[in-house]
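J.: The file below is protein-v7.txt, compact mmCIF, C-alpha atoms:
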# COMPACT_ATOMS: atom_id res chain seq x y z
CA VAL M 109 -81.00 53.90 22.82
CA GLN M 110 -80.19 57.40 23.97
CA LEU M 111 -79.16 60.19 21.66
CA GLN M 112 -77.01 63.06 22.87
CA ALA M 113 -76.98 66.18 20.73
CA SER M 114 -74.55 69.06 20.95
CA GLY M 115 -73.22 71.98 18.95
CA GLY M 116 -76.01 74.53 18.91
CA GLY M 117 -75.41 78.21 19.49
CA VAL M 118 -75.68 81.68 18.09
CA VAL M 119 -74.20 82.57 14.71
CA GLN M 120 -74.54 85.44 12.28
CA ALA M 121 -76.27 84.98 8.96
CA GLY M 122 -73.91 83.45 6.45
CA GLY M 123 -71.99 81.63 9.13
CA SER M 124 -71.60 77.94 9.90
CA LEU M 125 -72.24 75.53 12.75
CA ARG M 126 -71.79 71.82 13.18
CA LEU M 127 -74.15 69.71 15.25
CA SER M 128 -73.21 66.31 16.63
CA CYS M 129 -75.40 63.46 17.80
CA THR M 130 -73.92 60.47 19.58
CA THR M 131 -75.80 57.25 20.32
CA SER M 132 -75.53 55.35 23.58
CA GLY M 133 -75.23 52.13 21.60
CA SER M 134 -73.94 51.27 18.17
CA ILE M 135 -74.95 53.48 15.28
CA SER M 136 -75.34 50.32 13.21
CA SER M 137 -78.27 49.26 15.42
CA LEU M 138 -80.29 52.09 13.88
CA THR M 139 -81.60 52.10 10.34
CA ASN M 140 -81.51 55.86 9.94
CA MET M 141 -80.30 58.83 11.93
CA GLY M 142 -80.64 62.51 11.35
CA TRP M 143 -82.05 65.81 12.39
CA TYR M 144 -85.41 67.49 12.60
CA ARG M 145 -86.02 71.07 13.63
CA GLN M 146 -88.91 72.91 15.16
CA VAL M 147 -89.91 76.52 15.55
CA PRO M 148 -92.45 77.32 18.29
CA GLY M 149 -95.95 77.07 16.86
CA SER M 150 -94.85 75.02 13.87
CA GLN M 151 -94.56 71.33 13.11
CA ARG M 152 -91.28 69.53 13.39
CA GLU M 153 -89.68 69.30 9.95
CA LEU M 154 -87.03 67.00 8.54
CA VAL M 155 -83.67 68.67 8.05
CA ALA M 156 -81.54 65.71 7.03
CA SER M 157 -81.20 62.00 7.54
CA ILE M 158 -78.66 59.35 6.66
CA THR M 159 -78.83 55.59 6.49
CA SER M 160 -76.59 53.88 9.00
CA ASP M 161 -75.24 51.29 6.58
CA ALA M 162 -74.68 52.87 3.17
CA GLY M 163 -74.72 56.47 4.35
CA VAL M 164 -77.36 57.61 1.88
CA PRO M 165 -78.43 61.16 2.75
CA VAL M 166 -81.82 62.81 2.44
CA TYR M 167 -82.34 66.55 2.86
CA GLY M 168 -85.26 68.84 3.43
CA ASP M 169 -85.85 71.20 0.52
CA SER M 170 -85.04 74.29 2.55
CA VAL M 171 -81.49 73.13 3.38
CA LYS M 172 -80.38 71.42 0.18
CA GLY M 173 -77.03 72.71 -0.98
CA ARG M 174 -76.26 74.35 2.37
CA PHE M 175 -76.32 71.53 4.93
CA ALA M 176 -74.49 68.23 4.89
CA VAL M 177 -75.16 65.17 7.05
CA SER M 178 -72.46 62.63 7.70
CA LYS M 179 -71.67 59.82 10.10
CA ASP M 180 -68.71 58.28 11.86
CA ASN M 181 -69.52 54.69 12.73
CA ALA M 182 -66.38 54.34 14.85
CA LYS M 183 -67.62 57.17 17.06
CA ASP M 184 -71.32 56.24 16.81
CA THR M 185 -71.93 59.84 15.86
CA VAL M 186 -73.88 61.67 13.19
CA TYR M 187 -72.99 65.22 12.21
CA LEU M 188 -74.89 68.06 10.60
CA GLN M 189 -72.67 70.65 8.98
CA MET M 190 -74.70 73.81 8.46
CA ASN M 191 -73.30 76.42 6.10
CA SER M 192 -74.66 79.68 4.73
CA LEU M 193 -77.02 79.90 7.65
CA LYS M 194 -80.07 82.11 7.37
CA PRO M 195 -82.24 83.67 10.09
CA GLU M 196 -85.03 81.30 9.04
CA ASP M 197 -82.81 78.38 10.10
CA THR M 198 -83.31 79.49 13.69
CA ALA M 199 -84.97 76.59 15.51
CA VAL M 200 -84.50 73.86 18.04
CA TYR M 201 -82.75 71.00 16.29
CA TYR M 202 -83.54 67.45 17.41
CA CYS M 203 -81.40 64.43 16.81
CA TRP M 204 -83.43 61.47 15.59
CA GLY M 205 -82.86 57.77 15.11
CA TYR M 206 -85.04 55.00 13.72
CA ASP M 207 -84.76 51.25 14.17
CA HIS M 208 -86.76 49.60 11.40
CA SER M 209 -86.45 46.11 12.96
CA ILE M 210 -88.61 47.15 15.91
CA MET M 211 -90.23 50.16 14.26
CA THR M 212 -89.11 52.48 17.00
CA THR M 213 -88.13 56.12 16.78
CA TYR M 214 -85.74 57.71 19.24
CA TRP M 215 -85.30 61.40 19.96
CA GLY M 216 -82.47 63.26 21.56
CA GLN M 217 -82.81 66.47 23.47
CA GLY M 218 -83.04 69.56 21.34
CA THR M 219 -80.24 71.97 20.75
CA LEU M 220 -81.03 75.59 19.94
CA VAL M 221 -79.59 77.21 16.84
CA THR M 222 -80.05 80.96 16.57
CA VAL M 223 -79.05 82.79 13.39
CA SER M 224 -78.93 86.56 13.74
CA SER M 225 -79.37 88.88 10.79
Translate this structure into structure tokens?
T.:
Amino acid sequence: VQLQASGGGVVQAGGSLRLSCTTSGSISSLTNMGWYRQVPGSQRELVASITSDAGVPVYGDSVKGRFAVSKDNAKDTVYLQMNSLKPEDTAVYYCWGYDHSIMTTYWGQGTLVTVSS
């Protein structure tokens, strides 16, 4: 499984961006998909995830109420809508997928999000 992320860029504080992550196979082959982010010198942290079947979302505390994760099974794509962006949201965002049946985690390439103050 390969994950292709897109949608990063530069935005002013208070603005919005939408990230996309498309799988090379079927989204239904993964148990969960979502996004982590990482700032240089810090650990990778969970931003949001969603179950591939029921679409149950989970959010990191720092983004609750501002970010929304969704999926489009027909397009094998997961989205991260980021609103009310803050400078502290600046990070490299990594698309992530997990297949529970073989206990394997997949990572896409990172996409840089920069929020200017």
J.: Please provide as a PyMOL selection string all residues within 8 Å of Tyr201 of chain M, with the sequence filter that same-chain residues fewer than 3 positions apart are discarded (counting all atoms listed in the file).
T.: chain M and resi 143-146+218-221
J.: With C-alpha atoms retained, write the just-selected residues as an mmCIF file, in the coordinates of the input.
T.:
data_model
loop_
_atom_site.group_PDB
_atom_site.id
_atom_site.type_symbol
_atom_site.label_atom_id
_atom_site.label_comp_id
_atom_site.auth_asym_id
_atom_site.auth_seq_id
_atom_site.Cartn_x
_atom_site.Cartn_y
_atom_site.Cartn_z
ATOM 1 C CA TRP M 143 -82.050 65.810 12.390
ATOM 2 C CA TYR M 144 -85.410 67.490 12.600
ATOM 3 C CA ARG M 145 -86.020 71.070 13.630
ATOM 4 C CA GLN M 146 -88.910 72.910 15.160
ATOM 5 C CA GLY M 218 -83.040 69.560 21.340
ATOM 6 C CA THR M 219 -80.240 71.970 20.750
ATOM 7 C CA LEU M 220 -81.030 75.590 19.940
ATOM 8 C CA VAL M 221 -79.590 77.210 16.840
#
J.: Nearest to Met141 of chain M: which of M:Pro195, M:Pro165, M:Gly205, M:Gly173 is it, counting only C-alpha atoms?
T.: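 So, comparing all the options, the nearest one is M:Gly205.
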J.: Around the point (-82.8, 54.1, 15.9) in the file's coordinates, collect all residues with an atom within 7 Å, using all atoms listed in the file, and return them as a ChimeraX atom specification.
T.: /M:137-141,205-207,212-214
J.: Suppose you want the space between atom CA of Ala121 of chain M and atom CA of Leu193 of chain M; what is it in Å?
T.: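 For atom CA of Ala121 of chain M relative to atom CA of Leu193 of chain M, the distance reads 5.3 Å.
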J.: Closest to Phe175 of chain M among M:Val200, M:Val119, M:Leu111, M:Leu188, using all atoms listed in the file?
T.: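 So, comparing all the options, the nearest one is M:Leu188.
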J.: Could you tell me which of M:Ser225, M:Gln120, M:Gln110, M:Gln151 comes closest to Asn191 of chain M if we count only C-alpha atoms?
T.: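 With only C-alpha atoms as the atom set, the closest residue is M:Gln120.
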J.: Report, in Å with one decimal, the straight-line distance from atom CA of Ser178 of chain M to atom CA of Leu125 of chain M.
T.: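 Here the two named atoms are 13.9 Å from each other.
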J.: Find the distance between atom CA of Thr130 of chain M and atom CA of Thr159 of chain M and write it in Å to one decimal.
T.: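 Separating atom CA of Thr130 of chain M from atom CA of Thr159 of chain M is a distance of 14.8 Å.
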J.: Would you list the contacts of Lys179 of chain M as a list in words, taking every protein, DNA or RNA residue within 9 Å and counting only C-alpha atoms, but skipping same-chain residues closer than 4 positions in sequence?
T.: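 So the residues in contact are Ile135, Met141, Ile158, Ser160, Gly163, Lys183, Asp184, Thr185, Val186, Tyr187 and Leu188 of chain M.
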J.: Extract, using all atoms listed in the file, all DNA, RNA and protein residues at most 10 Å from Gln189 of chain M, discarding same-chain residues fewer than 4 positions from it, and format them as a VMD selection string.
T.: chain M and resid 124 to 128 174 to 178
J.: Restrict the selected residues to C-alpha atoms and save them as a tab-separated table (two decimals), in the frame of the given file.
T.:
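Listing of selection.tsv after writing:
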chain	number	residue	atom	x	y	z
M	124	SER	CA	-71.60	77.94	9.90
M	125	LEU	CA	-72.24	75.53	12.75
M	126	ARG	CA	-71.79	71.82	13.18
M	127	LEU	CA	-74.15	69.71	15.25
M	128	SER	CA	-73.21	66.31	16.63
M	174	ARG	CA	-76.26	74.35	2.37
M	175	PHE	CA	-76.32	71.53	4.93
M	176	ALA	CA	-74.49	68.23	4.89
M	177	VAL	CA	-75.16	65.17	7.05
M	178	SER	CA	-72.46	62.63	7.70
J.: Go through M:Ala156, M:Tyr167, M:Ser134, M:Ala199 one by one, measure the shortest atom-to-atom distance of each to Asn181 of chain M using all atoms listed in the file, and give the residue with the smallest value.
T.: M:Ser134
J.: What's the 9 Å shell around Gly168 of chain M, counting all atoms listed in the file, without same-chain residues fewer than 4 positions away, as a list of chain:residue names?
T.: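 With the cut-off at 9 Å, the set is M:Glu153, M:Leu154, M:Val155, M:Ala156, M:Ser157, M:Lys172.
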J.: Smallest atom-to-atom distance to Thr198 of chain M: which of M:Val109, M:Val223, M:Val118, M:Val166, using all atoms listed in the file?
T.: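 The answer is M:Val223, which sits nearest to Thr198 of chain M.
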J.: Output segment 192-203 of chain M with N, CA, C and O atoms present, as a short mmCIF file (atom, residue, chain, number, x, y, z; two decimals), in the coordinates of the input.
T.:
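Okay, this is what ended up in out_22.cif:
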data_model
loop_
_atom_site.label_atom_id
_atom_site.label_comp_id
_atom_site.auth_asym_id
_atom_site.auth_seq_id
_atom_site.Cartn_x
_atom_site.Cartn_y
_atom_site.Cartn_z
N SER M 192 -73.82 78.62 5.29
CA SER M 192 -74.66 79.68 4.73
C SER M 192 -75.97 79.82 5.50
O SER M 192 -77.06 79.88 4.92
N LEU M 193 -75.83 79.87 6.80
CA LEU M 193 -77.02 79.90 7.65
C LEU M 193 -77.82 81.17 7.45
O LEU M 193 -77.27 82.26 7.21
N LYS M 194 -79.13 81.01 7.55
CA LYS M 194 -80.07 82.11 7.37
C LYS M 194 -80.88 82.29 8.66
O LYS M 194 -81.05 81.33 9.42
N PRO M 195 -81.41 83.48 8.88
CA PRO M 195 -82.24 83.67 10.09
C PRO M 195 -83.40 82.67 10.17
O PRO M 195 -83.77 82.26 11.27
N GLU M 196 -83.92 82.26 9.03
CA GLU M 196 -85.03 81.30 9.04
C GLU M 196 -84.59 79.89 9.43
O GLU M 196 -85.43 79.00 9.59
N ASP M 197 -83.29 79.66 9.59
CA ASP M 197 -82.81 78.38 10.10
C ASP M 197 -82.87 78.33 11.62
O ASP M 197 -82.62 77.28 12.22
N THR M 198 -83.19 79.46 12.24
CA THR M 198 -83.31 79.49 13.69
C THR M 198 -84.40 78.54 14.15
O THR M 198 -85.55 78.61 13.69
N ALA M 199 -84.04 77.61 15.04
CA ALA M 199 -84.97 76.59 15.51
C ALA M 199 -84.29 75.75 16.58
O ALA M 199 -83.07 75.87 16.79
N VAL M 200 -85.07 74.90 17.20
CA VAL M 200 -84.50 73.86 18.04
C VAL M 200 -84.30 72.64 17.15
O VAL M 200 -85.24 72.19 16.48
N TYR M 201 -83.10 72.14 17.14
CA TYR M 201 -82.75 71.00 16.29
C TYR M 201 -82.72 69.74 17.16
O TYR M 201 -82.07 69.71 18.21
N TYR M 202 -83.42 68.71 16.68
CA TYR M 202 -83.54 67.45 17.41
C TYR M 202 -82.85 66.34 16.64
O TYR M 202 -83.11 66.12 15.45
N CYS M 203 -82.00 65.63 17.36
CA CYS M 203 -81.40 64.43 16.81
C CYS M 203 -82.45 63.32 16.81
O CYS M 203 -83.25 63.21 17.75
#
